[in-house]
Structures are given as C-alpha cells and as structure tokens.
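One structure below.
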Protein chains: 2
Amino acid sequence: MSAPTDAQRMEKIVSLCKRRGFIFQSSEIYGGLNGAWDYGPLGVELKRNLKNYWWRVMVHERDDVVGMDGAILTHPAVLKASGHVEGFSDPMVDCRICKAHLRADQLVEKKGAKQCPNCGGKDFTEARQFNLMFETHVGAAAEESSIAYLRPETAQSMFVQFKNVLEVSRSKLPFGIAQIGKAFRNEINPRNFTFRSREFEQMELEYFCRPEQGTELLEYWKEERLMFYENIGVPRGKLHVLTVPDEERAFYSKGTYDIEYDFPFGRQELEGVAYRTDYDLSQHQKASGKSLEYFDEETKEKLVPHVVEPSAGVDRTVLAMICEAYAEDQAPNDKGEMESRVVLRFHPRMAPIKCAVFPLLKNKVSLVAKAKEVVALLRPEMTVFYDESGAIGRRYRRQDEIGTPFCVTIDFETLGEKDPARRDTVTLRDRDSMKQERVPVEDLPVILRERIR
Amino acid sequence: MSAPTDAQRMEKIVSLCKRRGFIFQSSEIYGGLNGAWDYGPLGVELKRNLKNYWWRVMVHERDDVVGMDGAILTHPAVLKASGHVEGFSDPMVDCRICKAHLRADQLVEKKGAKQCPNCGGKDFTEARQFNLMFETHVGAAAEESSIAYLRPETAQSMFVQFKNVLEVSRSKLPFGIAQIGKAFRNEINPRNFTFRSREFEQMELEYFCRPEQGTELLEYWKEERLMFYENIGVPRGKLHVLTVPDEERAFYSKGTYDIEYDFPFGRQELEGVAYRTDYDLSQHQKASGKSLEYFDEETKEKLVPHVVEPSAGVDRTVLAMICEAYAEDQAPNDKGEMESRVVLRFHPRMAPIKCAVFPLLKNKVSLVAKAKEVVALLRPEMTVFYDESGAIGRRYRRQDEIGTPFCVTIDFETLGEKDPARRDTVTLRDRDSMKQERVPVEDLPVILRERIR
C-alpha cells in the first residue's frame with residue numbers, strides 16, 4: 001500500500017525549490033502559466049546531470065544503442081497511425097456550479113458522492129473525451145491540411161525513423177534507439193508541482209528485438225532501470241514495481257511494468273517499461289506504405305521487429321531526486337551549538353555543485369588568492385562554487401541546503417603560516433557526515449573525481 | 001563580398017548527412033514536414049558536443065554566468081510586452097498564378113522583374129505582415145484567453161525570470177544568464193537545409209550590466225564568440241563580422257554585430273551579438289507591474305540593467321561545422337593505390353565518434369578479444385566505435401566519412417606473436433595526416449584525451 005501523503009513536507013520542498021533556484025513557476029511575473037515550469041540555475045544543472053548520466057549508460061556505454069533527436073512538431077499522419085489522434089484522450093466533465101473543467105476520473109470522493117475540488121459542487125456534465133494533444137498550424141495559411149501536433153511522446157519519431165537509423169548504424173537485432181527531449185500534453189488538471197505538467201521532458205529507449213526475445217527483454221530492462229535509479233540516489237527500497245493488469249494495459253502490449261516512487265503526495269509512476277510488440281512499426285508500415293521490416297541475415301527471414309520501451313520522465317525523476325534528498329537534521333553552528341539544518345542529500349554524481357571553495361576570511365588577500373587557485377584547479381573537472389561571505393558555518397549551511405557534497409576551506413594552515421608541514425593542505429568537509437579531513441591541495445582533483453563519478 | 005555559392009557541394013553535404021545518419025527529414029516516410037528535421041545517431045552526438053562545449057565555456061568555466069531552462073509554452077503577456085505579438089512578422093505576398101505564399105523580400109529577381117520561385121509568375125498580391133509565432137491553446141477550452149505561443153526565442157524567459165535568478169544566485173553586475181533550448185518560428189519559406197527551419201535550437205546569453213558598461217561589453221562578447229568558433233573548428237578567416245547598420249537595427253539597440261559564415265549557399269548569419277540596452281527589462285517591468293530593478297550596493301542606486309546578448313543558432317552552427325569539415329582528397333587503398341576519399345575534418349573536440357577500434361581480422365578470436373578490451377579501456381573517456389567488417393582500408397574510409405579523428409588497429413604484433421617487445425602496442429592512425437604511429441595500449445587514454453579535449 002502507498003505510504004501516507006505528507007502535504008507539509010511537500011510544501012517545504014516546493015518552497016526550497018523556489019528559494020534556492022531549482023524550479024520557478026513559468027511566466028511568474030505575469031501570474032504564471034498553468035502546467036509549465038522554468039528550471040533555475042541549480043535546477044538546470046541537476047537536470048543536465050540526470051540526462052547526461054542516462055545518455056552515458058543507455059547510449060555511450062553500450063554497443064547496441066544509438067541516439068537520435070527528433071523534431072517536436074509532428075506530421076499529423078504520424079499520430080493518426082500511432083492512434084493518438086483517435087484515442088489519446090482523458091474523460092472530462094464540467095462542474096455545472098463553477099464551470100471548472102475536470103478530469104472525470106479524478107473527482108474528489110466525499111461522503112460517497114463525487115465532488116468538485118474547486119467549489120465542492122456535485123452536479124457535473126456527462127463525461128466526454130478530451131484529446132490531450134496540442135495542435136498548431138504550420139505554414140502561412142491556417143488550412144486544415146497544415147495542422148501539426150506537438151509530440152505527446154518522443155517515441156514516435158524513433159519508430160518513424162527506424163529504417164533510416166537501421167541503415168546508417170548497420171545494427172543487428174536486438175538493438176535500441178534512444179532519445180531525450182520535450183513532449184507536451186494538454187492535461188486537464190496539471191498538479192503536484194512539476195509531476196503532472198503540460199510541458200515535460202522524456203528519456204525514452206525503443207529496444208527492437210525478435211518476437212521470441214520480447215518477454216525476456218521486458219524483464220531485463222525492468223532490472224536495468226531499477227539499477228539506474230539506485231545509481232542516482234533513489235534506493236531500490238523506495239521504488240515499487242507495479243505489474244500493470246491486463247485490463248489497464250494497451251491492447252497491443254504483452255506486458256507493462258510501472259516503476260513507482262513514494263512522493264510526499266502519494267505513490268506515483270516514474271517510468272513505464274512496456275513490451276509493445278510490433279504494434280507501432282506495423283501501424284506505420286501500413287499507414288505509410290513504406291517497409292519497416294528487418295532482414296535477418298542468419299535466418300534469411302524478413303520480420304517486423306518487436307519492441308520493449310523503457311520510458312522515463314525527466315521532470316518526475318528530478319522531483320523524486322529532490323524529494324528523496326530532502327532532510328532535516330541537527331548540525332553544529334560556529335559556536336559549536338546544535339541547530340536544525342536543511343540538507344539535500346543528493347548522490348554526488350547528481351549534485352548541481354560538486355564542490356564549494358571558501359577562503360576563511362574575505363578580507364585577507366592571500367587567502368582569497370589561494371582559494372581562487374583551488375577553484376581554477378578543480379573547475380576543469382567539476383562544477384565549483386566560490387563563496388567568501390559570512391561565517392564558515394553559515395557558508396556550510398547554504399551549501400547543505402543545495403546539496404553540495406563537498407566544501408573546501410582555505411585557512412592560515414594552507415598558507416603555511418602555522419606549521420610548514422601543513423602548507424598547501426585544506427579542510428575537506430563532507431555534507432552528510434559533516435566530518436572534516438585535511439588533504440593536500442594537489443590531491444583534491446583525484447579525491448573528488450573518485451567520489452563524484 | 002560573399003563567396004560564390006556552390007550548389008553541387010551543398011548537394012553532396014546533404015546527401016552525406018542522410019546517408020551516414022547526421023540529419024534526416026522529419027516524418028520522412030509520410031512525405032516530410034517542411035521546416036522540421038530529425039538528427040540521427042551521429043547528428044545528435046555532434047549537436048551534444050557543441051551544446052556541452054558552449055555550456056562549459058559560457059557557464060561552468062565562468063564565475064559570472066548561471067544557467068536556466070525555461071518552458072517553450074509562453075504566456076501571451078510575455079510576448080505582448082516584448083513586442084513579438086505586435087511586430088514579429090515578415091512581409092508576405094501570394095503568387096496570383098500558383099497561389100504560393102512567399103516572403104516578399106525573397107522573390108527571385110530576373111530580367112529586372114520580381115518572379116515567383118515556384119512558377120516564374122510575376123503577378124503578386126499586395127504585401128501583408130505575417131506573424132511568425134506558432135500559437136496553440138492551453139487548457140480544456142479553446143477560448144481566446146487560453147492562447148499560448150511557442151517561444152520564438154529563448155531570451156524572454158531570462159528577462160522574465162531576471163529577478164528570481166538574481167536573488168537565488170546573489171550575483172552582482174555584470175553577470176549573465178545562459179540558456180540552450182528549442183524555439184519556433186513559422187517561416188514562410190524554410191530553406192537551405194537546416195539553416196532556416198521552423199523548429200530550431202538556440203544558445204543564448206543575456207549579460208546584464210550597468211549602462212556605462214554596455215558598449216565595451218558588446219566588443220568583449222563579439223571577440224569571445226569569435227574565439228568560440230575558432231575552438232570548434234570554424235577558423236576566424238571564414239567568419240565575417242557585419243556591423244548591422246542603424247536603419248536595420250531594432251530601434252532600442254545601441255549596436256549589433258552579426259557573425260556570418262560562408263555557407264555553400266552563401267554568406268549567412270550564425271550568431272547575433274546585440275546591445276539591447278534596458279529595453280526588455282523595462283518593457284516587462286512596465287507590463288507586469290513588478291520591479292525588475294537591481295540595487296547597486298556600492299553606489300546605493302537602483303537601476304534597470306542594460307543587456308548584451310550573444311545569441312547563437314545550434315542547428316546553424318552544426319551545419320557550419322559540417323560544411324567546414326567536408327573535404328575530398330586522395331588516400332591510399334589497401335593495395336597502396338590512391339583513391340579519392342570523402343572526409344569530415346571535424347575538430348576532435350566536436351567529432352561524434354572520437355576513436356574507432358578495429359581487430360585486424362574478425363575471425364581471429366584473440367584479436368577480437370583484445371580489441372574489445374581496448375574498447376572497454378577507452379569507453380569511460382570518450383565515444384568509441386567497434387568495427388570488424390571489411391578490409392582495414394575500407395574501415396578507415398568509413399570513419400573518415402563521419403569525421404572520426406582516430407582509429408586504433410589491433411594486429412598480431414599487439415598479441416606479441418611477432419616481436420615480444422611490441423606486445424600490447426597498437427597502430428594509432430590520424431584521420432587528417434593519415435599517419436600511423438605505434439603506441440602502447442596503456443598510453444591510449446592519456447594520448448587521446450589530450451588530443452580531443
């Protein structure tokens with residue numbers, strides 16, 4: 001069963017995200033655009049780290065996967081063939097009292113009756129299907145023929161370009177095509193911060209195989225993906241694998257797992273791993289009249305490959321990382337008294353800033369100069385933040401709150417003023433244990449590189 | 001004056017891009033979507049290298065710039081204040097003969113008369129203004145109030161979030177906000193391959209400063225950006241700096257440089273570096289009623305900062321890199337006879353694949369095993385491609401054509417079968433000089449890392 005929700009914890013996380021520059025409401029000074037978010041200086045780095053790590057393990061470290069990057073604007077024929085134009089919709093009702101548009105399957109249940117979450121009303125229109133795709137007009141005339149859609153998933157361009165990619169990559173089954181990019185869904189009721197938004201980013205892999213390999217590869221990819229989350233700091237124990245029951249699965253799917261995470265607002269899906277059979281390629285082959293078959297040189301057989309698709313949400317995973325990292329504990333201040341602190345315990349690999357560098361005092365030229373040398377030494381390897389203002393304890397606290405795993409302080413010992421043997425050593429402080437160790441400046445790049453890789 | 005155009009060269013480049021998987025027409029199997037392109041396995045890597053390098057030098061290596069990542073869907077109030085809703089348009093005429101929609105300023109001049117590029121007709125409607133923004137409807141009802149635009153540039157979200165970013169980053173003037181992301185313009189006549197498309201990606205920096213710093217910073221950023229192109233393999237001598245004349249500049253701009261490149265289809269803009277004064281922040285401050293002022297602690301003065309904006313096109317720069325890299329020369333085949341070859345001379349830093357690894361023979365287990373060891377050794381550091389099929393000369397040719405700067409061959413000497421002193425050494429071959437050197441396997445990571453950094 002799902003863990004209890006915790007609205008207060010979620011409020012603190014949303015507030016921290018804005019206060020420290022992870023996530024802002026989009027177009028905020030104009031009242032905001034519902035369902036759209038802007039990532040601030042720290043959010044964009046966290047998101048980059050996630051996407052780059054996904055690309056590294058899903059594309060660069062594998063012999064059997066290549067990447068692509070397709071357009072967002074999509075030809076309507078693509079989405080007709082895929083079934084989106086006809087069927088990509090949610091049931092919608094209007095509240096007869098306050099006129100709000102509401103998702104019929106998400107009305108609030110209270111005292112046995114469905115109620116409007118806006119006004120508490122209980123009188124609704126009949127449910128009708130509302131298509132979630134955004135449409136726009138391409139070209140200089142707004143004729144019917146020039147409609148294009150913003151893609152509702154990145155997947156379709158990988159099916160449509162299957163033959164091109166197969167030819168240029170000279171791949172043999174099984175092999176995959178990977179893509180990271182924006183997708184758009186006109187959600188009736190966006191909610192839960194960035195979790196359900198109208199503009200979002202996906203990391204999708206379409207892994208093509210022979211029909212008899214599908215079931216086994218579904219299991220393989222489920223395990224691979226669970227390991228991925230472990231490696232970005234979302235432990236296996238906080239994830240739940242839901243076997244999507246037959247009646248809730250798309251009719252063409254032979255099996256789907258949802259990987260779920262316990263957010264403060266409830267257990268929700270991070271990623272779906274779906275065995276989609278040959279449905280997509282067959283649909284596009286039929287609709288386009290172009291062969292999307294694969295020729296198996298060993299069996300001398302032509303076949304339409306099957307596909308297993310691990311499809312992850314970038315924004316959801318970023319949010320899960322933040323929720324998982326958020327903690328409150330006790331830490332000593334500059335006088336050694338314990339105070340409560342907020343800390344984001346990001347996996348060092350994901351942390352937006354890897355290392356902060358502090359001169360003990362900002363008005364001591366030699367300390368500042370040495371600190372800037374350390375910044376220059378580390379910068380080719382990692383993101384570094386220089387901070388000289390306030391007491392060291394306060395500077396630690398600021399870095400704890402944004403999840404910086406390591407802080408380096410340059411003090412008088414570094415300058416060799418107290419003990420020549422400690423010249424060119426610095427204090428390296430760990431965010432989680434709050435332990436400090438004394439290390440030579442020249443060893444810093446290697447020590448830190450190992451801990452953040 | 002502009003270099004002569006070379007349609008044949010451009011045709012070869014477009015054909016190579018498709019054949020080797022750099023760029024495909026979007027929705028190709030359905031006849032294509034005009035003005036939209038998909039990047040294939042090599043194109044996506046080239047584009048990633050460019051974007052990551054830009055982010056490294058413009059954000060990570062600087063103390064005075066932070067990044068952000070704003071939404072594509074944009075509140076109409078933002079684009080009203082910026083002037084886009086009113087004025088972001090091109091003059092359009094219709095050909096009265098073939099009904100084509102045409103950009104009035106791009107008709108073909110022939111024998112002193114404007115002619116339709118489609119049908120040669122000379123009879124056009126009056127020119128009217130056509131707004132280039134894509135619009136869509138957000139929310140469950142297609143009412144006027146729910147219009148949103150796909151952003152026509154990434155810049156506006158950096159102005160709109162100026163105050164938020166300033167507060168969270170505790171920056172002092174001068175400082176910048178950087179962003180990479182998609183933007184959309186409904187071009188009347190998309191053309192020149194990916195150069196003028198309807199969906200494209202930008203790399204923009206908004207660099208905020210005190211009014212008296214603007215002119216000097218315009219020069220500074222022009223020089224910085226010219227150096228950038230040099231560092232990705234587009235030499236200074238191939239770039240042209242156009243000082244945009246007063247009458248062609250936006251009325252609020254105090255100076256704009258266009259950085260142009262000689263494409264095979266003519267001299268065209270890669271990047272604009274514009275001194276936009278305080279126009280954008282002032283407009284948004286007025287329209288939103290929210291202060292976008294900066295408090296200068298030294299002068300105790302409140303001011304609306306000025307801004308210098310270097311704005312580069314990702315797709316244009318990728319295309320320039322490909323055009324610049326494309327060369328035909330002579331290379332020896334396996335029999336030592338000279339043959340013509342096609343080679344992409346990418347800067348190693350930008351090349352999609354950094355190193356290809358070949359076992360001399362594919363049916364010799366020990367060679368294959370050793371080659372795979374070398375792949376595993378190099379992969380954590382760079383993109384590696386393993387190829388075992390065909391003669392070595394042919395394998396070189398395939399890598400030359402996609403711009404792989406280094407090839408490593410594992411032969412019987414590597415196994416120590418001929419001369420124990422050469423055990424664990426390999427042939428390292430350079431794409432451009434075609435020279436081969438013998439190097440120890442264990443030195444490969446360091447040697448290559450130095451050459452591709």
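Labels used: A, B, ... for chains in the order of the structure tokens, numbers from 1 for residues in each chain, and numbers from 1 for ligands as shown.
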At most 7 Å is the cut-off: for each residue in chain A with any atom that close to an atom of chain B, write down the nearest atom pair and the distance in Å rounded to one decimal, counting only C-alpha atoms, chain first then increasing number, as a Markdown table.
```
| residue | atom | partner | partner_atom | distance |
| --- | --- | --- | --- | --- |
| A:Arg19 | CA | B:Val168 | CA | 6.5 |
| A:Arg20 | CA | B:Val168 | CA | 5.3 |
| A:Gly21 | CA | B:Val168 | CA | 5.4 |
| A:Ser26 | CA | B:Ala71 | CA | 6.7 |
| A:Ser27 | CA | B:His75 | CA | 6.2 |
| A:Ile29 | CA | B:Ser288 | CA | 6.0 |
| A:Tyr30 | CA | B:Ser288 | CA | 5.7 |
| A:Leu33 | CA | B:His75 | CA | 5.9 |
| A:Ala36 | CA | B:Ala71 | CA | 6.1 |
| A:Trp37 | CA | B:Ala71 | CA | 5.9 |
| A:Asp38 | CA | B:Gly70 | CA | 4.1 |
| A:Tyr39 | CA | B:Asp69 | CA | 4.9 |
| A:Gly40 | CA | B:Met68 | CA | 4.7 |
| A:Pro41 | CA | B:Gly67 | CA | 4.8 |
| A:Val44 | CA | B:Met68 | CA | 5.5 |
| A:His60 | CA | B:Thr383 | CA | 6.2 |
| A:Glu61 | CA | B:Arg379 | CA | 6.5 |
| A:Val66 | CA | B:Pro41 | CA | 5.6 |
| A:Gly67 | CA | B:Pro41 | CA | 4.8 |
| A:Met68 | CA | B:Gly40 | CA | 4.7 |
| A:Asp69 | CA | B:Tyr39 | CA | 4.9 |
| A:Gly70 | CA | B:Asp38 | CA | 4.1 |
| A:Ala71 | CA | B:Asp38 | CA | 5.6 |
| A:His75 | CA | B:Leu33 | CA | 5.9 |
| A:Ala77 | CA | B:Tyr30 | CA | 6.7 |
| A:His101 | CA | B:Ala140 | CA | 6.5 |
| A:Phe134 | CA | B:Thr136 | CA | 6.5 |
| A:Glu135 | CA | B:Thr136 | CA | 6.0 |
| A:Thr136 | CA | B:Thr136 | CA | 5.2 |
| A:His137 | CA | B:Phe134 | CA | 6.9 |
| A:Val138 | CA | B:Asn186 | CA | 6.3 |
| A:Gly139 | CA | B:Asn186 | CA | 6.2 |
| A:Ala140 | CA | B:Ile188 | CA | 5.8 |
| A:Val160 | CA | B:Ser27 | CA | 6.5 |
| A:Val165 | CA | B:Gly40 | CA | 6.7 |
| A:Val168 | CA | B:Arg20 | CA | 5.3 |
| A:Asn186 | CA | B:Gly139 | CA | 6.2 |
| A:Ile188 | CA | B:Ala140 | CA | 5.8 |
| A:Ser288 | CA | B:Tyr30 | CA | 5.8 |
| A:Lys290 | CA | B:Ile29 | CA | 6.6 |
| A:Arg379 | CA | B:Glu61 | CA | 6.5 |
| A:Thr383 | CA | B:His60 | CA | 6.2 |
```
Q: Give the alpha helix (DSSP H) residues of stretch 300-422 of chain B, as assigned by DSSP on the backbone, as JSON, numbers by chain.
A: {"B": [314, 315, 316, 317, 318, 319, 320, 321, 322, 323, 324, 325, 365, 366, 367, 368, 369, 370, 371, 372, 373, 374, 375, 376, 377, 378, 392, 393, 394, 395, 396, 397, 398, 399, 400, 401, 402]}
Q) Rounded to one decimal in Å, what is the spacing between atom CA of B:Arg449 and atom CA of B:Lys354? A) 9.5 Å
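Residues in contact range of A:Asp246, defined as at most 12 Å between only C-alpha atoms, with sequence neighbours fewer than 4 positions away removed, read Ala250, Phe251, Tyr252, Ser253, Lys254, Gly255, Thr256 and Tyr257 of chain A.
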Q: Would you mind telling me which residue in A:Ala7, A:Val365, A:Ile402, A:Leu79 lies nearest to A:Val342 when using only C-alpha atoms?
A: A:Ile402
(Q) Set the distance at 10 Å and use only C-alpha atoms: which residues neighbour B:Lys238 once local chain neighbours fewer than 6 positions away are removed? I'd like the list as a PyMOL selection string. (A) chain B and resi 229-230+260-263+267+324
May I have the residues from that selection written out with N, CA, C and O atoms, as a PDB file, in the first residue's frame?
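The resulting file, selection-v3.pdb, is reproduced below:
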```
ATOM      1  N   TYR B 229      34.129  30.047 -32.018  1.00  0.00           N
ATOM      2  CA  TYR B 229      34.024  29.337 -33.304  1.00  0.00           C
ATOM      3  C   TYR B 229      35.375  28.770 -33.717  1.00  0.00           C
ATOM      4  O   TYR B 229      35.461  27.656 -34.233  1.00  0.00           O
ATOM      5  N   GLU B 230      36.417  29.516 -33.471  1.00  0.00           N
ATOM      6  CA  GLU B 230      37.771  29.021 -33.719  1.00  0.00           C
ATOM      7  C   GLU B 230      38.002  27.709 -32.965  1.00  0.00           C
ATOM      8  O   GLU B 230      38.550  26.751 -33.507  1.00  0.00           O
ATOM      9  N   GLU B 260      28.925  36.074 -39.397  1.00  0.00           N
ATOM     10  CA  GLU B 260      28.462  35.337 -40.568  1.00  0.00           C
ATOM     11  C   GLU B 260      29.497  34.311 -41.023  1.00  0.00           C
ATOM     12  O   GLU B 260      30.698  34.470 -40.780  1.00  0.00           O
ATOM     13  N   TYR B 261      29.005  33.293 -41.705  1.00  0.00           N
ATOM     14  CA  TYR B 261      29.872  32.231 -42.223  1.00  0.00           C
ATOM     15  C   TYR B 261      29.548  32.029 -43.704  1.00  0.00           C
ATOM     16  O   TYR B 261      28.393  32.153 -44.114  1.00  0.00           O
ATOM     17  N   ASP B 262      30.576  31.718 -44.489  1.00  0.00           N
ATOM     18  CA  ASP B 262      30.345  31.455 -45.914  1.00  0.00           C
ATOM     19  C   ASP B 262      29.881  30.017 -46.124  1.00  0.00           C
ATOM     20  O   ASP B 262      30.690  29.100 -46.272  1.00  0.00           O
ATOM     21  N   PHE B 263      28.557  29.823 -46.100  1.00  0.00           N
ATOM     22  CA  PHE B 263      27.995  28.514 -46.424  1.00  0.00           C
ATOM     23  C   PHE B 263      28.090  28.299 -47.929  1.00  0.00           C
ATOM     24  O   PHE B 263      28.221  29.267 -48.693  1.00  0.00           O
ATOM     25  N   ARG B 267      26.733  33.638 -47.884  1.00  0.00           N
ATOM     26  CA  ARG B 267      27.144  34.141 -46.574  1.00  0.00           C
ATOM     27  C   ARG B 267      25.915  34.367 -45.707  1.00  0.00           C
ATOM     28  O   ARG B 267      25.006  35.113 -46.097  1.00  0.00           O
ATOM     29  N   GLU B 324      32.232  23.169 -43.081  1.00  0.00           N
ATOM     30  CA  GLU B 324      33.653  23.482 -42.952  1.00  0.00           C
ATOM     31  C   GLU B 324      34.495  22.210 -42.965  1.00  0.00           C
ATOM     32  O   GLU B 324      35.612  22.194 -43.496  1.00  0.00           O
TER      33      GLU B 324
END
```
**Q.** Nearby residues (only C-alpha atoms) at most 10 Å from B:Met434, same-chain spacing under 4 positions excluded, as a PyMOL selection string
**A.** chain B and resi 331-332+396+400+405-407+428-430
Q.
When you count only C-alpha atoms, which of these residues is closest to A:Pro211: A:Trp54, A:Phe159, A:Phe193, A:Tyr275?
A. A:Tyr275
Q: Select from stretch 250-375 of chain B everything DSSP, run on the backbone, classes as strand (DSSP E or B), then give the selection as number ranges by chain.
A: B: 255-263, 266-277, 294-296, 301-303, 306-313, 326-332, 338-344, 355-359
For the selection just defined, write its residues with C-alpha atoms to a file, as a PDB file, in the first residue's frame.
```pdb
ATOM      1  CA  GLY B 255      24.781  48.302 -31.598  1.00  0.00           C
ATOM      2  CA  THR B 256      24.578  44.840 -33.169  1.00  0.00           C
ATOM      3  CA  TYR B 257      27.145  42.586 -34.819  1.00  0.00           C
ATOM      4  CA  ASP B 258      26.204  39.649 -36.995  1.00  0.00           C
ATOM      5  CA  ILE B 259      28.777  36.869 -37.117  1.00  0.00           C
ATOM      6  CA  GLU B 260      28.462  35.337 -40.568  1.00  0.00           C
ATOM      7  CA  TYR B 261      29.872  32.231 -42.223  1.00  0.00           C
ATOM      8  CA  ASP B 262      30.345  31.455 -45.914  1.00  0.00           C
ATOM      9  CA  PHE B 263      27.995  28.514 -46.424  1.00  0.00           C
ATOM     10  CA  GLY B 266      26.016  31.986 -49.475  1.00  0.00           C
ATOM     11  CA  ARG B 267      27.144  34.141 -46.574  1.00  0.00           C
ATOM     12  CA  GLN B 268      24.674  33.798 -43.715  1.00  0.00           C
ATOM     13  CA  GLU B 269      24.345  34.673 -40.050  1.00  0.00           C
ATOM     14  CA  LEU B 270      25.479  32.217 -37.366  1.00  0.00           C
ATOM     15  CA  GLU B 271      25.078  34.478 -34.398  1.00  0.00           C
ATOM     16  CA  GLY B 272      23.986  37.955 -33.442  1.00  0.00           C
ATOM     17  CA  VAL B 273      25.674  39.909 -30.673  1.00  0.00           C
ATOM     18  CA  ALA B 274      23.335  42.729 -29.723  1.00  0.00           C
ATOM     19  CA  TYR B 275      23.463  45.518 -27.190  1.00  0.00           C
ATOM     20  CA  ARG B 276      19.763  45.642 -26.312  1.00  0.00           C
ATOM     21  CA  THR B 277      20.014  48.419 -23.681  1.00  0.00           C
ATOM     22  CA  TYR B 294      18.855  45.995  -9.435  1.00  0.00           C
ATOM     23  CA  PHE B 295      20.182  47.596  -6.282  1.00  0.00           C
ATOM     24  CA  ASP B 296      23.824  48.557  -6.599  1.00  0.00           C
ATOM     25  CA  GLU B 301      21.455  53.238  -6.562  1.00  0.00           C
ATOM     26  CA  LYS B 302      18.504  51.379  -8.064  1.00  0.00           C
ATOM     27  CA  LEU B 303      18.698  50.791 -11.808  1.00  0.00           C
ATOM     28  CA  HIS B 306      21.374  47.024 -19.633  1.00  0.00           C
ATOM     29  CA  VAL B 307      21.981  43.816 -21.524  1.00  0.00           C
ATOM     30  CA  VAL B 308      24.353  42.491 -24.170  1.00  0.00           C
ATOM     31  CA  GLU B 309      23.102  39.340 -25.878  1.00  0.00           C
ATOM     32  CA  PRO B 310      25.223  36.861 -27.833  1.00  0.00           C
ATOM     33  CA  SER B 311      22.594  34.631 -29.481  1.00  0.00           C
ATOM     34  CA  ALA B 312      23.775  31.619 -31.487  1.00  0.00           C
ATOM     35  CA  GLY B 313      21.880  29.036 -33.522  1.00  0.00           C
ATOM     36  CA  TYR B 326      33.647  18.467 -45.611  1.00  0.00           C
ATOM     37  CA  ALA B 327      36.598  17.710 -47.906  1.00  0.00           C
ATOM     38  CA  GLU B 328      37.527  15.436 -50.764  1.00  0.00           C
ATOM     39  CA  ASP B 329      41.112  14.335 -51.164  1.00  0.00           C
ATOM     40  CA  GLN B 330      43.248  11.346 -52.143  1.00  0.00           C
ATOM     41  CA  ALA B 331      44.061   8.409 -49.879  1.00  0.00           C
ATOM     42  CA  PRO B 332      45.718   5.040 -50.479  1.00  0.00           C
ATOM     43  CA  MET B 338      45.499   6.331 -54.490  1.00  0.00           C
ATOM     44  CA  GLU B 339      41.737   6.767 -54.498  1.00  0.00           C
ATOM     45  CA  SER B 340      39.532   9.735 -53.825  1.00  0.00           C
ATOM     46  CA  ARG B 341      38.068   9.885 -50.334  1.00  0.00           C
ATOM     47  CA  VAL B 342      35.444  11.961 -48.579  1.00  0.00           C
ATOM     48  CA  VAL B 343      36.499  13.150 -45.148  1.00  0.00           C
ATOM     49  CA  LEU B 344      34.889  15.282 -42.471  1.00  0.00           C
ATOM     50  CA  CYS B 355      38.024   6.705 -31.738  1.00  0.00           C
ATOM     51  CA  ALA B 356      37.268   3.608 -33.809  1.00  0.00           C
ATOM     52  CA  VAL B 357      38.759   0.278 -32.777  1.00  0.00           C
ATOM     53  CA  PHE B 358      39.444  -2.498 -35.299  1.00  0.00           C
ATOM     54  CA  PRO B 359      40.706  -6.039 -34.883  1.00  0.00           C
TER      55      PRO B 359
END
```
